[in-house]
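To be precise, the following lines are coords-v8.txt, and they hold compact mmCIF, C-alpha atoms.
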# COMPACT_ATOMS: atom_id res chain seq x y z
CA MET A 1 -15.85 23.34 -23.67
CA GLY A 2 -13.44 20.51 -24.38
CA PRO A 3 -10.32 20.67 -26.51
CA ALA A 4 -12.18 19.57 -29.63
CA ALA A 5 -14.25 22.77 -29.65
CA SER A 6 -11.30 25.14 -29.25
CA PRO A 7 -10.23 27.19 -32.30
CA VAL A 8 -6.83 25.45 -32.34
CA TRP A 9 -8.49 22.10 -33.10
CA GLN A 10 -10.67 23.68 -35.78
CA ALA A 11 -7.63 24.57 -37.92
CA PRO A 12 -7.15 22.46 -41.04
CA VAL A 13 -4.68 19.63 -40.62
CA PRO A 14 -1.58 20.23 -42.76
CA GLU A 15 -1.21 17.67 -45.56
CA THR A 16 2.58 17.72 -45.65
CA ILE A 17 5.45 18.58 -43.35
CA ALA A 18 6.12 21.59 -45.59
CA ASP A 19 2.57 22.86 -44.96
CA PHE A 20 3.09 22.33 -41.24
CA LEU A 21 6.37 24.26 -41.24
CA ASP A 22 4.80 27.00 -43.35
CA GLY A 23 1.97 27.41 -40.84
CA THR A 24 4.15 27.48 -37.71
CA ALA A 25 6.32 30.48 -38.49
CA CYS A 26 6.94 32.71 -35.50
CA VAL A 27 7.31 36.48 -35.83
CA SER A 28 10.16 36.54 -33.30
CA GLU A 29 12.35 34.10 -35.27
CA SER A 30 15.76 35.36 -36.27
CA PRO A 31 16.43 35.95 -39.98
CA ASP A 32 18.69 32.86 -40.04
CA VAL A 33 15.94 30.63 -38.65
CA GLN A 34 13.44 32.12 -41.10
CA ARG A 35 15.84 31.39 -44.00
CA LEU A 36 16.32 27.83 -42.78
CA ARG A 37 12.57 27.35 -42.46
CA ARG A 38 12.02 28.63 -46.04
CA LEU A 39 14.81 26.36 -47.30
CA ALA A 40 13.34 23.32 -45.49
CA ILE A 41 9.91 24.09 -46.93
CA ALA A 42 11.35 24.37 -50.45
CA VAL A 43 13.28 21.11 -50.10
CA LEU A 44 10.25 19.24 -48.74
CA ARG A 45 8.05 20.52 -51.58
CA GLU A 46 10.70 19.44 -54.11
CA LEU A 47 10.72 15.98 -52.51
CA ASP A 48 6.93 15.81 -52.83
CA ASP A 49 7.24 16.71 -56.52
CA LEU A 50 9.96 14.08 -56.95
CA ARG A 51 7.81 11.41 -55.27
CA ALA A 52 4.95 12.24 -57.66
CA TYR A 53 7.33 11.99 -60.64
CA VAL A 54 8.74 8.66 -59.46
CA ALA A 55 5.21 7.32 -59.01
CA LEU A 56 4.53 8.17 -62.67
CA ILE A 57 7.68 6.55 -64.09
CA ASP A 58 7.84 3.54 -61.72
CA PRO A 59 5.58 1.29 -63.86
CA ALA A 60 7.73 2.03 -66.92
CA VAL A 61 10.92 1.24 -64.99
CA GLN A 62 9.42 -2.02 -63.71
CA ALA A 63 8.40 -2.99 -67.25
CA MET A 64 11.92 -2.29 -68.55
CA ARG A 65 13.49 -4.41 -65.78
CA SER A 66 11.44 -7.39 -66.96
CA ILE A 67 13.07 -7.25 -70.42
CA ARG A 68 16.03 -9.63 -70.62
CA PRO A 69 18.81 -9.84 -73.20
CA LEU A 70 17.89 -11.99 -76.19
CA ALA A 71 20.86 -14.34 -75.65
CA GLU A 72 19.61 -15.07 -72.12
CA VAL A 73 16.08 -15.77 -73.35
CA GLU A 74 17.47 -17.99 -76.12
CA GLN A 75 19.55 -19.98 -73.64
CA ASP A 76 16.58 -20.51 -71.32
CA HIS A 77 14.39 -21.56 -74.27
CA ILE A 78 16.90 -24.03 -75.71
CA GLU A 79 17.68 -25.58 -72.31
CA HIS A 80 13.97 -25.86 -71.55
CA ALA A 81 13.29 -27.55 -74.90
CA VAL A 82 16.09 -30.06 -74.26
CA ARG A 83 14.79 -30.77 -70.73
CA VAL A 84 11.21 -31.25 -71.93
CA THR A 85 12.02 -33.42 -74.95
CA GLY A 86 14.85 -35.32 -73.31
CA SER A 87 17.27 -34.90 -76.22
CA ALA A 88 18.98 -32.22 -78.24
CA THR A 89 17.84 -33.84 -81.50
CA ALA A 90 14.16 -33.76 -80.52
CA ALA A 91 14.53 -30.19 -79.25
CA SER A 92 16.15 -29.15 -82.54
CA ARG A 93 13.11 -30.45 -84.44
CA LEU A 94 10.73 -28.46 -82.21
CA LEU A 95 12.82 -25.30 -82.44
CA HIS A 96 13.45 -25.67 -86.19
CA ILE A 97 17.22 -25.42 -85.88
CA ALA A 98 19.97 -27.87 -86.73
CA PRO A 99 20.96 -30.40 -84.04
CA ALA A 100 24.58 -29.25 -84.42
CA THR A 101 23.49 -25.75 -83.38
CA ILE A 102 21.83 -27.12 -80.23
CA TYR A 103 24.92 -29.16 -79.32
CA ARG A 104 27.23 -26.18 -79.97
CA LYS A 105 25.13 -23.82 -77.87
CA LEU A 106 24.78 -26.34 -75.02
CA GLY A 107 28.58 -26.70 -75.05
CA GLU A 108 28.99 -22.90 -74.92
CA TYR A 109 26.54 -22.63 -72.02
CA GLU A 110 28.35 -25.37 -70.09
CA ALA A 111 31.76 -23.78 -70.74
CA ALA A 112 30.45 -20.44 -69.47
CA ARG A 113 29.10 -22.10 -66.31
CA ARG A 114 32.44 -23.82 -65.67
CA GLU A 115 34.32 -20.55 -66.15
CA GLU A 116 31.95 -18.71 -63.80
CA HIS A 117 32.36 -21.46 -61.20
CA ARG A 118 36.18 -21.36 -61.55
CA LEU A 119 36.25 -17.58 -61.09
CA ARG A 120 33.99 -17.82 -58.04
CA ARG A 121 36.30 -20.43 -56.53
CA LEU A 122 39.34 -18.23 -57.17
CA GLY A 123 37.54 -15.27 -55.62
CA ALA A 124 36.72 -17.34 -52.54
CA ARG A 125 40.38 -18.32 -52.23
CA ALA A 126 41.44 -14.68 -52.42
CA VAL A 127 38.93 -13.78 -49.69
CA ALA A 128 40.11 -16.73 -47.58
CA ARG A 129 43.61 -15.18 -47.45
CA PRO A 130 42.92 -11.88 -45.67
CA ASP A 131 46.53 -11.59 -44.42
CA ALA A 132 47.85 -11.15 -47.98
CA GLU A 133 48.36 -7.69 -49.40
CA PRO A 134 45.81 -6.82 -52.12
CA ALA A 135 48.44 -6.61 -54.89
CA ASN A 136 49.80 -10.04 -53.94
CA GLY A 137 46.30 -11.48 -53.75
CA ILE A 138 45.52 -10.20 -57.23
CA ALA A 139 48.80 -11.55 -58.57
CA ARG A 140 48.04 -14.97 -57.06
CA ILE A 141 44.61 -15.03 -58.65
CA ASP A 142 46.10 -14.04 -62.02
CA ASP A 143 48.81 -16.67 -61.62
CA ALA A 144 46.21 -19.29 -60.73
CA CYS A 145 44.15 -18.36 -63.82
CA GLU A 146 47.19 -18.66 -66.07
CA SER A 147 48.32 -21.96 -64.57
CA SER A 148 44.85 -23.55 -64.85
CA ASP A 149 44.52 -22.39 -68.46
CA GLU A 150 47.77 -24.10 -69.49
For the file at hand, write its structure as structure tokens.
Amino acid sequence: MGPAASPVWQAPVPETIADFLDGTACVSESPDVQRLRRLAIAVLRELDDLRAYVALIDPAVQAMRSIRPLAEVEQDHIEHAVRVTGSATAASRLLHIAPATIYRKLGEYEAARREEHRLRRLGARAVARPDAEPANGIARIDDACESSDE
């Protein structure tokens, strides 16, 4: 008889590592090893339960990640309307808002982009000076912010 016909190969294949560990206990193991085996089995079964729970909530988490703040959606929509129509006045007619509102919001968006760009540049300068102590680097960035604001 080959190995496939032996009783060892007829045993059911364990579905999880915990089942495998549970089925391989040895009578001669010390009490400490037995405790560790039971602990490992419990932890692995908890992980299996956690994986099942995550699989249930994952679609809900993915759906929530797709929701963006209203201000971000508004900005994208206004900028898209201006791009498509070619002018803020035409976009304001399509969006049913005053042209002054479009111009004000476009100005706010541009100011925010400039500020973000300025802060990134300052951060790059701070990183480019690795020999400076952190407190001095922070002071220089703060000083640079104050001097550019004046």
Item to check | Nearest candidate to Ile97 (chain A) (options A:Ala81, A:Ala42, A:Ala55, A:Val73; using all atoms listed in the file) | outcome: A:Ala81
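Taking CA of Leu95 (chain A) and CA of Ala71 (chain A) as the two end points, the separation is 15.2 Å.
Checking A:Leu39, A:Tyr109, A:Ala52, A:Leu47 one by one against Glu72 (chain A), counting only C-alpha atoms, you find the shortest gap at A:Tyr109.
Reported to one decimal place, the separation of CA of Arg118 (chain A) from CA of Tyr103 (chain A) is 22.4 Å.
Taking CA of Ile78 (chain A) and CA of Ala100 (chain A) as the two end points, the separation is 12.7 Å.
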Starting from the sparse input, extend region 91-108 of chain A to N, CA and C atoms and give the output as a short mmCIF file (atom, residue, chain, number, x, y, z; two decimals), keeping the file's coordinate frame.
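Saved result, rebuild_26.cif, follows:
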data_model
loop_
_atom_site.label_atom_id
_atom_site.label_comp_id
_atom_site.auth_asym_id
_atom_site.auth_seq_id
_atom_site.Cartn_x
_atom_site.Cartn_y
_atom_site.Cartn_z
N ALA A 91 14.69 -31.64 -79.48
CA ALA A 91 14.53 -30.19 -79.25
C ALA A 91 14.81 -29.42 -80.53
N SER A 92 15.82 -29.86 -81.30
CA SER A 92 16.15 -29.15 -82.54
C SER A 92 14.99 -29.21 -83.53
N ARG A 93 14.28 -30.35 -83.55
CA ARG A 93 13.11 -30.45 -84.44
C ARG A 93 12.02 -29.47 -84.02
N LEU A 94 11.76 -29.38 -82.70
CA LEU A 94 10.73 -28.46 -82.21
C LEU A 94 11.09 -27.00 -82.45
N LEU A 95 12.37 -26.70 -82.31
CA LEU A 95 12.82 -25.30 -82.44
C LEU A 95 13.17 -24.92 -83.88
N HIS A 96 13.14 -25.91 -84.78
CA HIS A 96 13.45 -25.67 -86.19
C HIS A 96 14.87 -25.14 -86.39
N ILE A 97 15.81 -25.74 -85.67
CA ILE A 97 17.22 -25.42 -85.88
C ILE A 97 18.00 -26.73 -85.96
N ALA A 98 19.17 -26.66 -86.53
CA ALA A 98 19.97 -27.87 -86.73
C ALA A 98 20.42 -28.45 -85.39
N PRO A 99 20.48 -29.78 -85.28
CA PRO A 99 20.96 -30.40 -84.04
C PRO A 99 22.37 -29.93 -83.68
N ALA A 100 23.22 -29.71 -84.69
CA ALA A 100 24.58 -29.25 -84.42
C ALA A 100 24.57 -27.90 -83.70
N THR A 101 23.61 -27.06 -84.04
CA THR A 101 23.49 -25.75 -83.38
C THR A 101 23.14 -25.93 -81.91
N ILE A 102 22.22 -26.85 -81.63
CA ILE A 102 21.83 -27.12 -80.23
C ILE A 102 23.05 -27.63 -79.46
N TYR A 103 23.76 -28.60 -80.01
CA TYR A 103 24.92 -29.16 -79.32
C TYR A 103 25.99 -28.09 -79.10
N ARG A 104 26.22 -27.24 -80.11
CA ARG A 104 27.23 -26.18 -79.97
C ARG A 104 26.83 -25.21 -78.87
N LYS A 105 25.58 -24.79 -78.88
CA LYS A 105 25.13 -23.82 -77.87
C LYS A 105 25.15 -24.43 -76.47
N LEU A 106 24.73 -25.68 -76.34
CA LEU A 106 24.78 -26.34 -75.02
C LEU A 106 26.22 -26.41 -74.52
N GLY A 107 27.16 -26.68 -75.42
CA GLY A 107 28.58 -26.70 -75.05
C GLY A 107 29.05 -25.32 -74.60
N GLU A 108 28.61 -24.27 -75.31
CA GLU A 108 28.99 -22.90 -74.92
C GLU A 108 28.42 -22.55 -73.54
#
